[in-house]
>>> print(open('query-v5.cif').read())   # mmCIF, C-alpha atoms and all ligand atoms
data_query
loop_
_atom_site.label_atom_id
_atom_site.label_comp_id
_atom_site.auth_asym_id
_atom_site.auth_seq_id
_atom_site.Cartn_x
_atom_site.Cartn_y
_atom_site.Cartn_z
CA MET A 1 -2.67 1.40 21.73
CA LYS A 2 -0.06 4.07 22.43
CA LYS A 3 -0.35 7.11 20.15
CA ARG A 4 2.53 9.55 19.66
CA LYS A 5 1.49 13.19 19.73
CA ASN A 6 2.48 15.90 17.25
CA ILE A 7 3.50 13.61 14.44
CA LEU A 8 2.81 14.09 10.75
CA LYS A 9 0.51 11.41 9.35
CA ILE A 10 0.09 10.96 5.60
CA ALA A 11 -2.48 8.55 4.13
CA ILE A 12 -2.44 7.42 0.52
CA ASP A 13 -4.86 5.19 -1.34
CA SER A 14 -4.44 4.06 -4.91
CA PRO A 15 -5.22 1.31 -7.41
CA ALA A 16 -2.46 -1.13 -8.42
CA ALA A 17 0.67 0.23 -10.14
CA ALA A 18 -0.36 3.90 -10.03
CA GLY A 19 3.02 5.00 -8.67
CA ALA A 20 1.89 5.52 -5.08
CA GLY A 21 4.70 3.42 -3.62
CA THR A 22 7.46 5.35 -5.39
CA LEU A 23 5.88 8.61 -4.38
CA ALA A 24 5.29 7.55 -0.77
CA LYS A 25 8.89 6.37 -0.43
CA ALA A 26 10.22 9.68 -1.76
CA ILE A 27 8.11 11.83 0.56
CA SER A 28 8.83 9.58 3.54
CA LYS A 29 12.54 10.00 2.96
CA TYR A 30 12.24 13.76 2.47
CA TYR A 31 10.09 14.40 5.57
CA ASN A 32 11.69 11.64 7.69
CA LEU A 33 8.52 9.54 8.04
CA ILE A 34 8.31 5.81 8.50
CA TYR A 35 6.89 4.29 5.33
CA LEU A 36 4.60 1.27 5.27
CA ASP A 37 3.42 -0.28 2.02
CA THR A 38 0.34 -2.00 3.48
CA GLY A 39 -0.23 -3.99 0.28
CA LYS A 40 2.93 -5.90 1.15
CA ALA A 41 1.34 -7.18 4.36
CA TYR A 42 -1.55 -8.59 2.30
CA ARG A 43 0.96 -9.95 -0.19
CA LEU A 44 2.95 -11.66 2.56
CA ILE A 45 -0.14 -13.43 3.87
CA ALA A 46 -1.06 -14.39 0.29
CA PHE A 47 2.46 -15.73 -0.19
CA TYR A 48 2.07 -17.99 2.85
CA LYS A 49 -1.29 -19.16 1.56
CA LEU A 50 0.24 -20.14 -1.78
CA LYS A 51 3.30 -21.74 -0.20
CA TYR A 52 1.72 -23.54 2.75
CA PRO A 53 -1.97 -24.05 1.84
CA GLN A 54 -2.31 -26.90 4.34
CA LYS A 55 -1.13 -24.74 7.27
CA PHE A 56 -3.21 -21.67 6.34
CA THR A 57 -5.51 -20.94 9.31
CA LEU A 58 -6.31 -17.71 11.18
CA LYS A 59 -4.15 -18.92 14.07
CA TYR A 60 -1.21 -19.39 11.69
CA ILE A 61 -1.70 -15.92 10.18
CA ARG A 62 -1.98 -14.35 13.64
CA GLY A 63 1.38 -15.86 14.57
CA LYS A 64 2.97 -14.52 11.39
CA ILE A 65 1.60 -11.01 11.88
CA LYS A 66 2.58 -10.87 15.53
CA ASN A 67 6.25 -11.14 14.63
CA LEU A 68 6.05 -9.15 11.42
CA LYS A 69 8.71 -6.48 10.76
CA ILE A 70 8.87 -3.99 7.87
CA LYS A 71 12.01 -5.80 6.71
CA ASP A 72 10.01 -9.00 6.12
CA LEU A 73 7.98 -7.08 3.56
CA GLU A 74 11.02 -6.42 1.38
CA ASN A 75 11.16 -9.99 0.06
CA LYS A 76 11.21 -9.81 -3.77
CA LYS A 77 9.03 -12.94 -3.95
CA LEU A 78 6.11 -10.78 -2.84
CA LEU A 79 6.23 -8.78 -6.08
CA SER A 80 4.93 -11.45 -8.46
CA ASP A 81 1.60 -11.10 -10.17
CA GLU A 82 0.45 -14.42 -8.75
CA VAL A 83 0.99 -13.14 -5.20
CA GLY A 84 -0.70 -9.79 -6.03
CA THR A 85 -3.78 -11.55 -7.38
CA GLU A 86 -3.99 -13.85 -4.35
CA ALA A 87 -3.52 -10.81 -2.06
CA SER A 88 -6.53 -9.16 -3.62
CA LYS A 89 -8.57 -12.33 -2.93
CA ILE A 90 -7.59 -12.72 0.71
CA ALA A 91 -8.06 -8.95 1.23
CA LYS A 92 -11.82 -9.55 0.98
CA ASN A 93 -11.72 -11.56 4.17
CA LYS A 94 -12.82 -9.52 7.19
CA ASN A 95 -10.91 -11.67 9.69
CA ILE A 96 -7.65 -11.37 7.78
CA ARG A 97 -8.13 -7.58 7.50
CA LYS A 98 -8.71 -7.38 11.27
CA LEU A 99 -5.43 -9.13 11.94
CA ILE A 100 -3.47 -6.77 9.68
CA TYR A 101 -5.34 -3.75 11.10
CA SER A 102 -3.44 -3.44 14.39
CA PHE A 103 -0.09 -3.95 12.67
CA GLN A 104 -0.84 -0.98 10.40
CA MET A 105 -2.25 1.17 13.23
CA ASN A 106 0.89 0.74 15.25
CA TYR A 107 3.08 2.07 12.43
CA ALA A 108 0.66 4.88 11.64
CA TYR A 109 0.20 6.21 15.18
CA ASN A 110 3.27 5.03 17.01
CA PRO A 111 6.25 5.25 14.66
CA PRO A 112 9.72 4.79 16.21
CA LYS A 113 11.00 7.96 17.91
CA LYS A 114 13.61 8.69 15.23
CA TYR A 115 10.81 9.47 12.74
CA GLU A 116 8.75 12.66 12.53
CA GLY A 117 5.66 10.68 11.60
CA SER A 118 4.28 8.07 9.23
CA CYS A 119 3.22 7.57 5.64
CA LEU A 120 1.08 4.56 4.70
CA ASP A 121 -0.25 3.56 1.32
CA GLY A 122 -2.92 1.00 0.44
CA ARG A 123 -6.61 0.81 -0.38
CA ASP A 124 -8.39 1.84 2.84
CA ILE A 125 -5.81 4.03 4.55
CA THR A 126 -7.58 7.38 4.15
CA TYR A 127 -10.85 6.28 5.74
CA ASN A 128 -10.13 3.17 7.77
CA ILE A 129 -6.58 3.14 9.06
CA ILE A 130 -5.75 6.87 9.44
CA PRO A 131 -9.08 8.73 9.14
CA ASP A 132 -7.52 11.69 10.99
CA ALA A 133 -4.43 11.91 8.73
CA ASP A 134 -2.94 15.40 8.27
CA LEU A 135 -2.91 14.85 4.53
CA LYS A 136 -4.78 12.38 2.37
CA PHE A 137 -4.02 11.58 -1.26
CA PHE A 138 -5.67 9.43 -3.89
CA VAL A 139 -2.98 8.54 -6.43
CA THR A 140 -4.10 7.16 -9.76
CA ALA A 141 -3.22 6.85 -13.47
CA ASN A 142 -5.01 5.44 -16.48
CA VAL A 143 -5.06 1.67 -16.68
CA ASN A 144 -2.81 1.35 -19.75
CA THR A 145 -0.11 3.50 -18.17
CA ARG A 146 -0.31 1.44 -15.00
CA ALA A 147 -0.05 -1.80 -16.97
CA ILE A 148 3.01 -0.51 -18.87
CA ARG A 149 4.71 0.42 -15.60
CA ARG A 150 3.95 -2.94 -13.98
CA TYR A 151 5.02 -4.79 -17.15
CA LYS A 152 8.42 -3.04 -17.04
CA GLU A 153 8.80 -3.69 -13.32
CA LEU A 154 8.09 -7.40 -13.74
CA LYS A 155 10.44 -7.59 -16.72
CA ALA A 156 13.24 -6.02 -14.67
CA LEU A 157 12.59 -8.68 -12.02
CA LYS A 158 12.81 -11.34 -14.76
CA LYS A 159 9.20 -12.37 -14.13
CA HIS A 160 8.06 -12.84 -17.68
CA GLN A 161 4.47 -12.03 -18.57
CA THR A 162 3.03 -10.54 -21.73
CA PHE A 163 1.70 -6.99 -21.66
CA GLN A 164 -1.82 -8.30 -22.31
CA GLU A 165 -1.58 -10.62 -19.29
CA VAL A 166 -0.42 -7.77 -17.07
CA LEU A 167 -3.20 -5.49 -18.33
CA LYS A 168 -5.84 -8.14 -17.72
CA SER A 169 -4.55 -8.83 -14.25
CA ILE A 170 -4.60 -5.13 -13.30
CA LYS A 171 -8.15 -4.76 -14.63
CA ASN A 172 -9.28 -7.76 -12.60
CA ARG A 173 -7.62 -6.44 -9.48
CA ASP A 174 -9.23 -2.99 -9.99
CA LYS A 175 -12.62 -4.61 -10.31
CA SER A 176 -12.14 -6.66 -7.19
CA ASP A 177 -10.62 -3.81 -5.10
CA TYR A 178 -13.22 -1.18 -6.07
CA SER A 179 -16.29 -3.37 -5.81
CA ARG A 180 -15.69 -5.55 -2.77
CA LYS A 181 -17.96 -5.07 0.25
CA VAL A 182 -15.22 -4.94 2.89
CA SER A 183 -13.00 -1.83 2.83
CA PRO A 184 -13.22 -1.15 -0.91
CA LEU A 185 -10.82 1.17 -2.69
CA LYS A 186 -12.37 4.63 -3.03
CA LYS A 187 -11.41 8.27 -3.17
CA THR A 188 -12.71 10.02 -0.08
CA LYS A 189 -13.98 13.59 -0.40
CA ASP A 190 -11.14 14.91 1.71
CA SER A 191 -8.40 13.22 -0.37
CA ILE A 192 -6.37 15.21 -2.90
CA LEU A 193 -6.39 13.61 -6.34
CA ILE A 194 -2.95 13.06 -7.91
CA ASN A 195 -3.13 11.73 -11.45
CA THR A 196 0.33 10.44 -12.36
CA THR A 197 -0.48 9.43 -15.98
CA ASN A 198 1.53 12.18 -17.61
CA LEU A 199 3.87 13.07 -14.77
CA SER A 200 7.47 12.02 -14.20
CA LYS A 201 8.45 10.70 -10.76
CA ARG A 202 10.07 14.07 -9.99
CA ALA A 203 6.99 16.01 -11.10
CA CYS A 204 4.75 13.81 -8.90
CA PHE A 205 7.04 14.38 -5.94
CA LEU A 206 7.08 18.17 -6.42
CA LYS A 207 3.32 18.27 -6.77
CA ILE A 208 2.67 16.36 -3.58
CA LYS A 209 5.44 18.25 -1.74
CA LYS A 210 3.61 21.51 -2.43
CA TYR A 211 0.52 20.26 -0.60
CA ILE A 212 2.54 18.94 2.31
CA ASP A 213 4.60 22.13 2.69
CA ARG A 214 1.42 24.22 2.57
CA LYS A 215 -0.01 22.13 5.40
CA ILE A 216 3.17 22.12 7.50
CA TYR A 217 4.09 25.78 7.11
CA SER A 218 0.64 27.38 7.11
O1 LIG A 301 -0.70 -2.48 -3.32
P1 LIG A 301 -0.56 -3.91 -3.75
O2 LIG A 301 -0.80 -4.13 -5.20
O3 LIG A 301 0.73 -4.52 -3.30
O4 LIG A 301 -1.73 -4.67 -2.94
C1 LIG A 301 -2.06 -6.03 -3.17
C2 LIG A 301 -3.53 -6.24 -2.83
O5 LIG A 301 -3.72 -6.11 -1.42
C3 LIG A 301 -4.49 -5.22 -3.44
O6 LIG A 301 -4.94 -5.59 -4.73
C4 LIG A 301 -5.63 -5.16 -2.44
O7 LIG A 301 -6.65 -6.07 -2.74
C5 LIG A 301 -4.99 -5.54 -1.13
N1 LIG A 301 -4.84 -4.39 -0.23
C6 LIG A 301 -5.92 -4.03 0.55
N2 LIG A 301 -5.82 -3.01 1.45
C7 LIG A 301 -4.67 -2.33 1.58
C8 LIG A 301 -3.56 -2.65 0.78
C9 LIG A 301 -3.68 -3.69 -0.15
O8 LIG A 301 -6.99 -4.61 0.43
N3 LIG A 301 -4.60 -1.37 2.50
#
>>> encode(input="query-v5.cif", output="structure tokens")
Amino acid sequence: MKKRKNILKIAIDSPAAAGAGTLAKAISKYYNLIYLDTGKAYRLIAFYKLKYPQKFTLKYIRGKIKNLKIKDLENKKLLSDEVGTEASKIAKNKNIRKLIYSFQMNYAYNPPKKYEGSCLDGRDITYNIIPDADLKFFVTANVNTRAIRRYKELKALKKHQTFQEVLKSIKNRDKSDYSRKVSPLKKTKDSILINTTNLSKRACFLKIKKYIDRKIYS
């Protein structure tokens, strides 16, 4: 794989609905980095599994990933709780992870020339996808706060679920993501902890910006 030199690489891991995506998008825009929400790749595969269960083979997934573009990940259908839960199930499969691996690596290490670097968020980015990232963050928030945020997001998308259902689903996903054997979610020692529970989006951005500026300008 081709690797661009002298680019800024930022790796973020986080549990569901902790605000990592919003934060990653903001810093990517500010520092002109390509942004990849890797969870969306898992969600897309999960979406295909739910929609075409009879076609769902590794060969089929390989074909889908081969032609995958960031734009394909913007489909609003990927945001439902059903797709998120299925994504967390298929994410335990080593073969599926392998297929998504090279797609992620390409964005991380070989972003299009117009970008200064890359910013990826997910569950195993800091230790599996970009172990040599310039900056690593673990973004989290308490589970109730995360459930409130996800509940509001789903409501805005007119996907109606009760708060209790959303909370239960996030707890289940946490359990599955933290405890699975393959590429579990964890905070690595070299990741900076960002707890967004009591922080506004702006405050989160400023906090993370401080670390990035210190790294870039030191
Ligand atoms: O981040 P998001 O909630 O969209 O991710 C959906 C699911 O995809 C997660 O619950 C997780 O199981 C899986 N995932 C993963 N590795 C990543 C990103 C997401 O296993 N790098």
>>> residues_around(input="query-v5.cif", residues="A:Gln104", least_positions_apart="4", cutoff="8 Å", atoms="all atoms listed in the file", output="PyMOL selection string")
chain A and resi 36+38+100+108+129
>>> closest_atom_pairs(input="query-v5.cif", of="chain A", to="ligand LIG 301 (chain A)", cutoff="9 Å", atoms="all atoms listed in the file", output="JSON lines")
{"residue": "A:Asp13", "atom": "CA", "partner": "A:LIG301", "partner_atom": "N3", "distance": 7.6}
{"residue": "A:Ser14", "atom": "CA", "partner": "A:LIG301", "partner_atom": "O1", "distance": 7.7}
{"residue": "A:Pro15", "atom": "CA", "partner": "A:LIG301", "partner_atom": "O1", "distance": 7.2}
{"residue": "A:Ala16", "atom": "CA", "partner": "A:LIG301", "partner_atom": "O2", "distance": 4.7}
{"residue": "A:Ala17", "atom": "CA", "partner": "A:LIG301", "partner_atom": "O2", "distance": 6.8}
{"residue": "A:Ala20", "atom": "CA", "partner": "A:LIG301", "partner_atom": "O1", "distance": 8.6}
{"residue": "A:Gly21", "atom": "CA", "partner": "A:LIG301", "partner_atom": "O1", "distance": 8.0}
{"residue": "A:Asp37", "atom": "CA", "partner": "A:LIG301", "partner_atom": "O1", "distance": 7.1}
{"residue": "A:Thr38", "atom": "CA", "partner": "A:LIG301", "partner_atom": "C8", "distance": 4.8}
{"residue": "A:Gly39", "atom": "CA", "partner": "A:LIG301", "partner_atom": "C9", "distance": 3.5}
{"residue": "A:Lys40", "atom": "CA", "partner": "A:LIG301", "partner_atom": "O3", "distance": 5.2}
{"residue": "A:Ala41", "atom": "CA", "partner": "A:LIG301", "partner_atom": "C8", "distance": 7.6}
{"residue": "A:Tyr42", "atom": "CA", "partner": "A:LIG301", "partner_atom": "O5", "distance": 5.0}
{"residue": "A:Arg43", "atom": "CA", "partner": "A:LIG301", "partner_atom": "C1", "distance": 5.8}
{"residue": "A:Ala46", "atom": "CA", "partner": "A:LIG301", "partner_atom": "O5", "distance": 8.9}
{"residue": "A:Leu78", "atom": "CA", "partner": "A:LIG301", "partner_atom": "O3", "distance": 8.3}
{"residue": "A:Leu79", "atom": "CA", "partner": "A:LIG301", "partner_atom": "O3", "distance": 7.5}
{"residue": "A:Asp81", "atom": "CA", "partner": "A:LIG301", "partner_atom": "O2", "distance": 8.9}
{"residue": "A:Val83", "atom": "CA", "partner": "A:LIG301", "partner_atom": "C1", "distance": 8.0}
{"residue": "A:Gly84", "atom": "CA", "partner": "A:LIG301", "partner_atom": "C1", "distance": 4.9}
{"residue": "A:Thr85", "atom": "CA", "partner": "A:LIG301", "partner_atom": "O6", "distance": 6.6}
{"residue": "A:Glu86", "atom": "CA", "partner": "A:LIG301", "partner_atom": "C2", "distance": 7.8}
{"residue": "A:Ala87", "atom": "CA", "partner": "A:LIG301", "partner_atom": "C2", "distance": 4.6}
{"residue": "A:Ser88", "atom": "CA", "partner": "A:LIG301", "partner_atom": "O7", "distance": 3.2}
{"residue": "A:Lys89", "atom": "CA", "partner": "A:LIG301", "partner_atom": "O7", "distance": 6.6}
{"residue": "A:Ile90", "atom": "CA", "partner": "A:LIG301", "partner_atom": "O7", "distance": 7.6}
{"residue": "A:Ala91", "atom": "CA", "partner": "A:LIG301", "partner_atom": "O8", "distance": 4.5}
{"residue": "A:Lys92", "atom": "CA", "partner": "A:LIG301", "partner_atom": "O8", "distance": 6.9}
{"residue": "A:Arg97", "atom": "CA", "partner": "A:LIG301", "partner_atom": "O8", "distance": 7.8}
{"residue": "A:Tyr101", "atom": "CA", "partner": "A:LIG301", "partner_atom": "N3", "distance": 9.0}
{"residue": "A:Gln104", "atom": "CA", "partner": "A:LIG301", "partner_atom": "N3", "distance": 8.8}
{"residue": "A:Leu120", "atom": "CA", "partner": "A:LIG301", "partner_atom": "N3", "distance": 8.5}
{"residue": "A:Asp121", "atom": "CA", "partner": "A:LIG301", "partner_atom": "N3", "distance": 6.7}
{"residue": "A:Gly122", "atom": "CA", "partner": "A:LIG301", "partner_atom": "N3", "distance": 3.6}
{"residue": "A:Arg123", "atom": "CA", "partner": "A:LIG301", "partner_atom": "N3", "distance": 4.1}
{"residue": "A:Asp124", "atom": "CA", "partner": "A:LIG301", "partner_atom": "N3", "distance": 5.0}
{"residue": "A:Ile125", "atom": "CA", "partner": "A:LIG301", "partner_atom": "N3", "distance": 5.9}
{"residue": "A:Asn128", "atom": "CA", "partner": "A:LIG301", "partner_atom": "N3", "distance": 8.9}
{"residue": "A:Ile129", "atom": "CA", "partner": "A:LIG301", "partner_atom": "N3", "distance": 8.2}
{"residue": "A:Ile170", "atom": "CA", "partner": "A:LIG301", "partner_atom": "O6", "distance": 8.6}
{"residue": "A:Arg173", "atom": "CA", "partner": "A:LIG301", "partner_atom": "O6", "distance": 5.5}
{"residue": "A:Asp174", "atom": "CA", "partner": "A:LIG301", "partner_atom": "O6", "distance": 7.3}
{"residue": "A:Ser176", "atom": "CA", "partner": "A:LIG301", "partner_atom": "O7", "distance": 7.1}
{"residue": "A:Asp177", "atom": "CA", "partner": "A:LIG301", "partner_atom": "O7", "distance": 5.1}
{"residue": "A:Tyr178", "atom": "CA", "partner": "A:LIG301", "partner_atom": "O7", "distance": 8.8}
{"residue": "A:Val182", "atom": "CA", "partner": "A:LIG301", "partner_atom": "O8", "distance": 8.6}
{"residue": "A:Ser183", "atom": "CA", "partner": "A:LIG301", "partner_atom": "O8", "distance": 7.0}
{"residue": "A:Pro184", "atom": "CA", "partner": "A:LIG301", "partner_atom": "O8", "distance": 7.3}
{"residue": "A:Leu185", "atom": "CA", "partner": "A:LIG301", "partner_atom": "O8", "distance": 7.6}
>>> residues_around(input="query-v5.cif", residues="stretch 111-115 of chain A", least_positions_apart="6", cutoff="7 Å", atoms="all atoms listed in the file", output="compact mmCIF listing (two decimals) with C-alpha atoms, keeping the file's coordinate frame")
# COMPACT_ATOMS: atom_id res chain seq x y z
CA ASN A 32 11.69 11.64 7.69
CA LEU A 33 8.52 9.54 8.04
CA ILE A 34 8.31 5.81 8.50
>>> residues_around(input="query-v5.cif", residues="A:Ala11", least_positions_apart="6", cutoff="7 Å", atoms="all atoms listed in the file", output="list in words")
Cys119, Leu120, Asp121, Ile125, Thr126, Ile130, Ala133, Leu135, Lys136 and Phe137 of chain A
>>> residues_near_point(input="query-v5.cif", point="(-10.3, 15.2, -2.3)", cutoff="12 Å", atoms="only C-alpha atoms", output="JSON list (two decimals) with C-alpha atoms, in the coordinates of the input")
[["chain", "number", "residue", "atom", "x", "y", "z"],
["A", 12, "ILE", "CA", -2.44, 7.42, 0.52],
["A", 13, "ASP", "CA", -4.86, 5.19, -1.34],
["A", 126, "THR", "CA", -7.58, 7.38, 4.15],
["A", 135, "LEU", "CA", -2.91, 14.85, 4.53],
["A", 136, "LYS", "CA", -4.78, 12.38, 2.37],
["A", 137, "PHE", "CA", -4.02, 11.58, -1.26],
["A", 138, "PHE", "CA", -5.67, 9.43, -3.89],
["A", 139, "VAL", "CA", -2.98, 8.54, -6.43],
["A", 186, "LYS", "CA", -12.37, 4.63, -3.03],
["A", 187, "LYS", "CA", -11.41, 8.27, -3.17],
["A", 188, "THR", "CA", -12.71, 10.02, -0.08],
["A", 189, "LYS", "CA", -13.98, 13.59, -0.40],
["A", 190, "ASP", "CA", -11.14, 14.91, 1.71],
["A", 191, "SER", "CA", -8.40, 13.22, -0.37],
["A", 192, "ILE", "CA", -6.37, 15.21, -2.90],
["A", 193, "LEU", "CA", -6.39, 13.61, -6.34],
["A", 194, "ILE", "CA", -2.95, 13.06, -7.91]]
>>> closest_residue(input="query-v5.cif", among="A:Leu206, A:Leu73, A:Ala141, A:Val166", to="A:Glu153", atoms="only C-alpha atoms")
A:Val166
>>> residues_around(input="query-v5.cif", residues="A:Lys29", least_positions_apart="5", cutoff="12 Å", atoms="only C-alpha atoms", output="number ranges by chain")
A: 22-24, 34-35, 115-119, 205, 209
>>> closest_residue(input="query-v5.cif", among="A:Asn198, A:Leu44, A:Arg180, A:Ile27", to="A:Asp213", atoms="all atoms listed in the file")
A:Ile27
>>> atom_distance(input="query-v5.cif", atom1="atom CA of A:Lys159", atom2="atom CA of A:Ala147")
14.3 Å
>>> closest_atom_pairs(input="query-v5.cif", of="stretch 185-217 of chain A", to="stretch 143-146 of chain A", cutoff="12 Å", atoms="all atoms listed in the file", output="JSON lines")
{"residue": "A:Asn195", "atom": "CA", "partner": "A:Thr145", "partner_atom": "CA", "distance": 11.0}
{"residue": "A:Thr196", "atom": "CA", "partner": "A:Thr145", "partner_atom": "CA", "distance": 9.1}
{"residue": "A:Thr197", "atom": "CA", "partner": "A:Thr145", "partner_atom": "CA", "distance": 6.3}
{"residue": "A:Asn198", "atom": "CA", "partner": "A:Thr145", "partner_atom": "CA", "distance": 8.9}
{"residue": "A:Leu199", "atom": "CA", "partner": "A:Thr145", "partner_atom": "CA", "distance": 10.9}
>>> closest_residue(input="query-v5.cif", among="A:Asp132, A:Lys210, A:Lys181, A:Ile65", to="A:Asn93", atoms="all atoms listed in the file")
A:Lys181
>>> closest_residue(input="query-v5.cif", among="A:Lys207, A:Arg4, A:Lys66, A:Ala18", to="A:Ile148", atoms="only C-alpha atoms")
A:Ala18
>>> closest_residue(input="query-v5.cif", among="A:Leu58, A:Tyr127, A:Gln164, A:Asn6", to="A:Asn95", atoms="all atoms listed in the file")
A:Leu58
>>> residues_around(input="query-v5.cif", residues="A:Ile61", least_positions_apart="5", cutoff="9 Å", atoms="only C-alpha atoms", output="ChimeraX atom specification")
/A:45,48,56,66,96,99
